[in-house]
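Quick look at work.txt (compact mmCIF, C-alpha atoms):
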# COMPACT_ATOMS: atom_id res chain seq x y z
CA ALA R 1 24.13 -5.86 11.45
CA THR R 2 22.48 -8.76 13.22
CA GLU R 3 23.56 -10.73 16.25
CA GLU R 4 25.49 -13.92 15.48
CA ASP R 5 25.76 -12.85 11.80
CA ARG R 6 22.26 -14.02 10.91
CA ILE R 7 20.92 -13.05 7.50
CA MET R 8 17.40 -12.30 8.78
CA VAL R 9 15.86 -11.50 12.18
CA GLY R 10 12.35 -11.90 13.61
CA SER R 11 10.40 -11.31 16.81
CA ALA R 12 12.52 -10.95 19.99
CA ASP R 13 15.80 -10.89 17.99
CA SER R 14 18.30 -8.06 18.48
CA PHE R 15 20.03 -6.10 15.74
CA TYR R 16 22.21 -3.01 15.24
CA ALA R 17 21.32 0.13 13.28
CA THR R 18 23.15 3.31 12.34
CA GLY R 19 21.85 6.85 12.04
CA ILE R 20 19.57 6.93 15.09
CA PRO R 21 20.22 10.46 16.38
CA ASP R 22 17.40 10.87 18.90
CA THR R 23 17.85 8.61 21.92
CA SER R 24 14.53 9.81 23.38
CA VAL R 25 12.64 7.85 20.69
CA GLU R 26 12.18 4.34 22.01
CA LYS R 27 9.74 2.80 19.50
CA TRP R 28 10.60 2.38 15.82
CA HIS R 29 8.83 1.05 12.71
CA ILE R 30 10.80 -1.09 10.24
CA PHE R 31 10.19 -0.76 6.49
CA ARG R 32 11.55 -2.14 3.24
CA LYS R 33 11.72 0.07 0.16
CA GLY R 34 9.12 -0.90 -2.41
CA LYS R 35 8.53 -0.04 -6.02
CA GLY R 36 7.53 3.26 -7.55
CA LEU R 37 3.82 3.68 -8.23
CA LYS R 38 3.26 4.84 -11.80
CA ASP R 39 0.13 6.76 -12.79
CA PRO R 40 -1.37 4.78 -15.71
CA ASP R 41 -2.83 7.98 -17.19
CA THR R 42 0.40 10.02 -17.32
CA GLY R 43 3.18 7.42 -16.89
CA GLU R 44 4.63 9.58 -14.09
CA ILE R 45 5.91 8.08 -10.80
CA ILE R 46 3.49 9.51 -8.21
CA ALA R 47 4.79 7.79 -5.05
CA TYR R 48 7.10 5.11 -3.71
CA GLU R 49 5.77 2.30 -1.55
CA ALA R 50 7.40 1.19 1.67
CA PHE R 51 6.47 -2.25 3.03
CA PHE R 52 5.89 -2.42 6.77
CA LEU R 53 7.96 -5.25 8.27
CA GLY R 54 7.49 -4.75 12.01
CA ASN R 55 8.33 -2.79 15.15
CA ALA R 56 11.46 -2.46 17.26
CA ARG R 57 12.41 -0.97 20.63
CA LEU R 58 15.66 0.89 21.30
CA VAL R 59 17.71 -1.10 23.83
CA ARG R 60 20.97 0.87 23.82
CA PRO R 61 21.72 4.12 21.97
CA GLY R 62 25.01 4.65 20.20
CA GLU R 63 26.61 4.28 16.82
CA PRO R 64 25.55 1.64 16.07
CA ALA R 65 22.47 1.51 18.31
CA ASN R 66 21.12 -1.80 19.60
CA LEU R 67 17.42 -2.55 19.04
CA ARG R 68 15.13 -5.52 19.69
CA VAL R 69 12.31 -6.61 17.36
CA THR R 70 8.98 -6.45 19.20
CA LEU R 71 6.81 -7.42 16.22
CA ALA R 72 7.82 -9.04 12.95
CA LYS R 73 5.24 -9.17 10.17
CA GLU R 74 7.92 -10.43 7.77
CA GLU R 75 11.60 -11.32 8.05
CA ILE R 76 13.84 -8.28 8.62
CA GLY R 77 17.27 -7.99 7.07
CA ILE R 78 20.29 -5.77 6.55
CA GLY R 79 19.38 -2.67 4.54
CA ASP R 80 15.82 -2.35 5.84
CA ARG R 81 14.94 1.14 7.11
CA LEU R 82 13.74 2.48 10.47
CA LEU R 83 11.44 5.42 11.18
CA PRO R 84 10.34 6.72 14.60
CA ALA R 85 6.91 5.32 15.48
CA PRO R 86 4.33 8.13 15.55
CA PRO R 87 1.98 8.37 18.53
CA ALA R 88 -1.13 6.22 18.23
CA GLU R 89 -3.94 8.10 16.51
CA ILE R 90 -7.63 7.26 16.79
CA ILE R 91 -9.46 8.32 13.64
CA SER R 92 -13.21 8.89 13.64
CA TYR R 93 -14.89 8.28 10.29
CA VAL R 94 -18.21 7.40 8.71
CA PRO R 95 -18.16 5.40 5.46
CA HIS R 96 -19.55 7.64 2.69
CA ARG R 97 -19.34 8.21 -1.05
CA PRO R 98 -17.03 10.94 -2.43
CA ASP R 99 -18.76 14.33 -2.83
CA GLN R 100 -17.30 14.96 -6.29
CA GLU R 101 -16.98 12.66 -9.28
CA LEU R 102 -14.00 10.31 -8.94
CA SER R 103 -12.10 8.64 -11.75
CA ALA R 104 -9.20 6.63 -10.32
CA LYS R 105 -7.33 3.46 -11.23
CA VAL R 106 -5.79 0.66 -9.19
CA VAL R 107 -2.02 1.14 -9.57
CA SER R 108 -0.81 -1.54 -7.16
CA ILE R 109 -1.97 -4.36 -4.92
CA TYR R 110 -0.13 -4.18 -1.60
CA GLY R 111 2.29 -7.02 -1.03
CA GLY R 112 3.54 -7.22 -4.61
CA VAL R 113 0.87 -9.65 -5.81
CA ASN R 114 -0.71 -9.56 -9.28
CA GLU R 115 -4.31 -10.12 -8.18
CA GLY R 116 -6.34 -9.36 -5.08
CA GLY R 117 -9.78 -10.00 -3.65
CA PRO R 118 -11.77 -9.26 -0.50
CA SER R 119 -9.48 -7.97 2.31
CA SER R 120 -6.74 -7.00 -0.17
CA VAL R 121 -5.25 -3.51 0.03
CA VAL R 122 -5.04 -1.58 -3.23
CA ALA R 123 -3.33 1.70 -4.11
CA LEU R 124 -5.31 4.24 -6.16
CA ASN R 125 -3.78 6.96 -8.35
CA ARG R 126 -5.83 9.71 -6.67
CA GLY R 127 -5.42 11.25 -3.21
CA LYS R 128 -5.97 14.39 -1.09
CA ASN R 129 -5.27 16.64 -4.07
CA ASP R 130 -8.28 15.04 -5.81
CA GLY R 131 -10.63 15.27 -2.82
CA LEU R 132 -10.26 11.72 -1.49
CA GLU R 133 -10.46 11.32 2.28
CA ILE R 134 -10.52 8.57 4.89
CA GLY R 135 -13.95 6.96 4.94
CA HIS R 136 -14.74 7.25 1.23
CA VAL R 137 -16.23 4.15 -0.35
CA VAL R 138 -15.46 3.58 -4.04
CA ALA R 139 -16.83 1.14 -6.61
CA LEU R 140 -14.42 -1.11 -8.49
CA HIS R 141 -14.97 -1.64 -12.22
CA ARG R 142 -13.26 -3.77 -14.85
CA ASN R 143 -12.78 -2.13 -18.25
CA ARG R 144 -12.67 -4.90 -20.82
CA VAL R 145 -12.07 -5.38 -24.49
CA SER R 146 -13.38 -8.54 -26.14
CA ALA R 147 -11.08 -10.11 -28.74
CA SER R 148 -12.42 -12.26 -31.57
CA VAL R 149 -11.59 -13.31 -35.15
CA ASP R 150 -13.74 -12.08 -38.04
CA SER R 151 -14.73 -14.06 -41.16
CA ASP R 152 -11.51 -12.96 -42.93
CA GLY R 153 -9.34 -14.33 -40.11
CA ARG R 154 -8.42 -10.89 -38.76
CA ARG R 155 -8.39 -10.23 -35.06
CA THR R 156 -10.99 -7.69 -33.95
CA LEU R 157 -11.35 -5.89 -30.65
CA THR R 158 -14.72 -4.79 -29.29
CA ALA R 159 -15.08 -2.53 -26.26
CA VAL R 160 -17.35 -4.04 -23.60
CA PRO R 161 -19.14 -1.80 -21.05
CA ALA R 162 -17.35 -1.47 -17.69
CA GLU R 163 -18.58 -4.02 -15.17
CA ARG R 164 -18.90 -3.13 -11.48
CA TYR R 165 -17.71 -6.03 -9.37
CA GLY R 166 -16.80 -4.69 -5.93
CA LEU R 167 -16.42 -1.98 -3.29
CA ALA R 168 -13.33 -0.64 -1.50
CA PHE R 169 -12.98 1.50 1.64
CA VAL R 170 -10.36 4.27 1.65
CA PHE R 171 -8.38 4.16 4.92
CA ARG R 172 -5.12 6.02 4.18
CA VAL R 173 -4.70 9.10 2.01
CA PHE R 174 -1.59 10.91 0.74
CA ASN R 175 -1.43 13.87 -1.66
CA ARG R 176 -1.46 11.84 -4.88
CA VAL R 177 -2.16 8.28 -3.72
CA ALA R 178 -4.79 6.60 -1.53
CA TYR R 179 -4.94 3.10 -0.05
CA ALA R 180 -8.25 1.24 0.10
CA LEU R 181 -9.37 -2.07 1.59
CA VAL R 182 -11.41 -4.24 -0.78
CA VAL R 183 -14.53 -5.03 1.29
CA ASP R 184 -16.61 -6.75 -1.38
CA SER R 185 -15.62 -8.35 -4.66
CA SER R 186 -17.26 -10.86 -6.98
CA LYS R 187 -14.04 -11.37 -8.97
CA SER R 188 -10.33 -10.75 -8.61
CA VAL R 189 -8.97 -7.20 -8.47
CA ILE R 190 -6.19 -6.46 -10.95
CA VAL R 191 -3.95 -3.46 -11.61
CA GLY R 192 -5.62 -1.12 -14.09
CA ASP R 193 -9.17 -1.60 -12.80
CA SER R 194 -11.16 1.61 -12.27
CA ALA R 195 -12.41 3.09 -8.99
CA THR R 196 -15.38 5.48 -9.22
CA ASN R 197 -18.27 6.81 -7.17
CA PRO R 198 -20.53 3.95 -6.07

For this file, write the structure as structure tokens.
Amino acid sequence: ATEEDRIMVGSADSFYATGIPDTSVEKWHIFRKGKGLKDPDTGEIIAYEAFFLGNARLVRPGEPANLRVTLAKEEIGIGDRLLPAPPAEIISYVPHRPDQELSAKVVSIYGGVNEGGPSSVVALNRGKNDGLEIGHVVALHRNRVSASVDSDGRRTLTAVPAERYGLAFVFRVFNRVAYALVVDSSKSVIVGDSATNP
């Protein structure tokens, strides 16, 4: 619930939440459930995204507990979820290419958009299980098929060689999914593009 029956809350607003058992946890992250990420090779759901909305601080424990929004990246509403904020972690990395051959695909562009570009975050259908780690740099390729009409009026499709158009830096890795920041791109990134060794 929100104070004064508002539909959405933002920075410095208070709200109420249920199911907060540990009163020693003061800082919380707020998320909204996202879509399932489907592996384009197998059609299997390999992960579910959660969109980060902001941070909150526990003001008063109880059922319901009272919290105050300390950071709002987007509007926060009833039904959004809370998780205890983990301790800050400083990660040391050196950008490098993957040691083994990588064949991944872009399965999602973070934020629910259809296209991305430099500074966009993309989800790849490969992760720790496939040898990906924080610091890996991958090349982005577009696999294209050229469509034309032949002399008989029939539509023909011709495979065109994959074209490398950008680079992405892997910054978060899960077992079957990795997130990468597009650091260089000469054209838009779309779902289905390939990510390989640079």

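A straight line drawn from atom CA of R:Asp184 to atom CA of R:Val145 is 23.6 Å long.
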
Closest atom pairs, residues of stretch 80-116 of chain R within 10 Å of stretch 171-179 of chain R, only C-alpha atoms, as a tab-separated table:
residue	atom	partner	partner_atom	distance
R:Ile91	CA	R:Phe171	CA	9.7
R:Tyr93	CA	R:Phe171	CA	9.4
R:Pro95	CA	R:Phe171	CA	9.9
R:Ala104	CA	R:Val177	CA	9.8
R:Val106	CA	R:Tyr179	CA	9.5
R:Val107	CA	R:Val177	CA	9.2
R:Ser108	CA	R:Tyr179	CA	9.4
R:Ile109	CA	R:Tyr179	CA	9.4
R:Tyr110	CA	R:Tyr179	CA	8.9

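For the choices R:Gly19, R:Gly43, R:Gly166, R:Pro87, the atom-to-atom distance to R:Gly116 is smallest for R:Gly166 when using only C-alpha atoms.
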
| query | In terms of the shortest atom-to-atom distance over only C-alpha atoms, which of R:Leu157, R:Lys105, R:Leu124, R:Val94 is closest to R:Asp41? | reply | R:Lys105

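Proximity to R:Val9 was assessed for R:Glu26, R:Glu63, R:Asp39, R:Asp80 counting all atoms listed in the file; the smallest distance is recorded for R:Asp80.
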
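The nearest approach to R:Arg32 among the residues R:Arg57, R:Lys73, R:Arg81, R:Arg6, with only C-alpha atoms taken into account, belongs to R:Arg81.
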
| So, counting all atoms listed in the file, which residue among R:Leu67, R:Val137, R:Leu37, R:Ala47 is closest to R:Glu3? |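 Comparing R:Leu67, R:Val137, R:Leu37, R:Ala47 against R:Glu3, the winner is R:Leu67.
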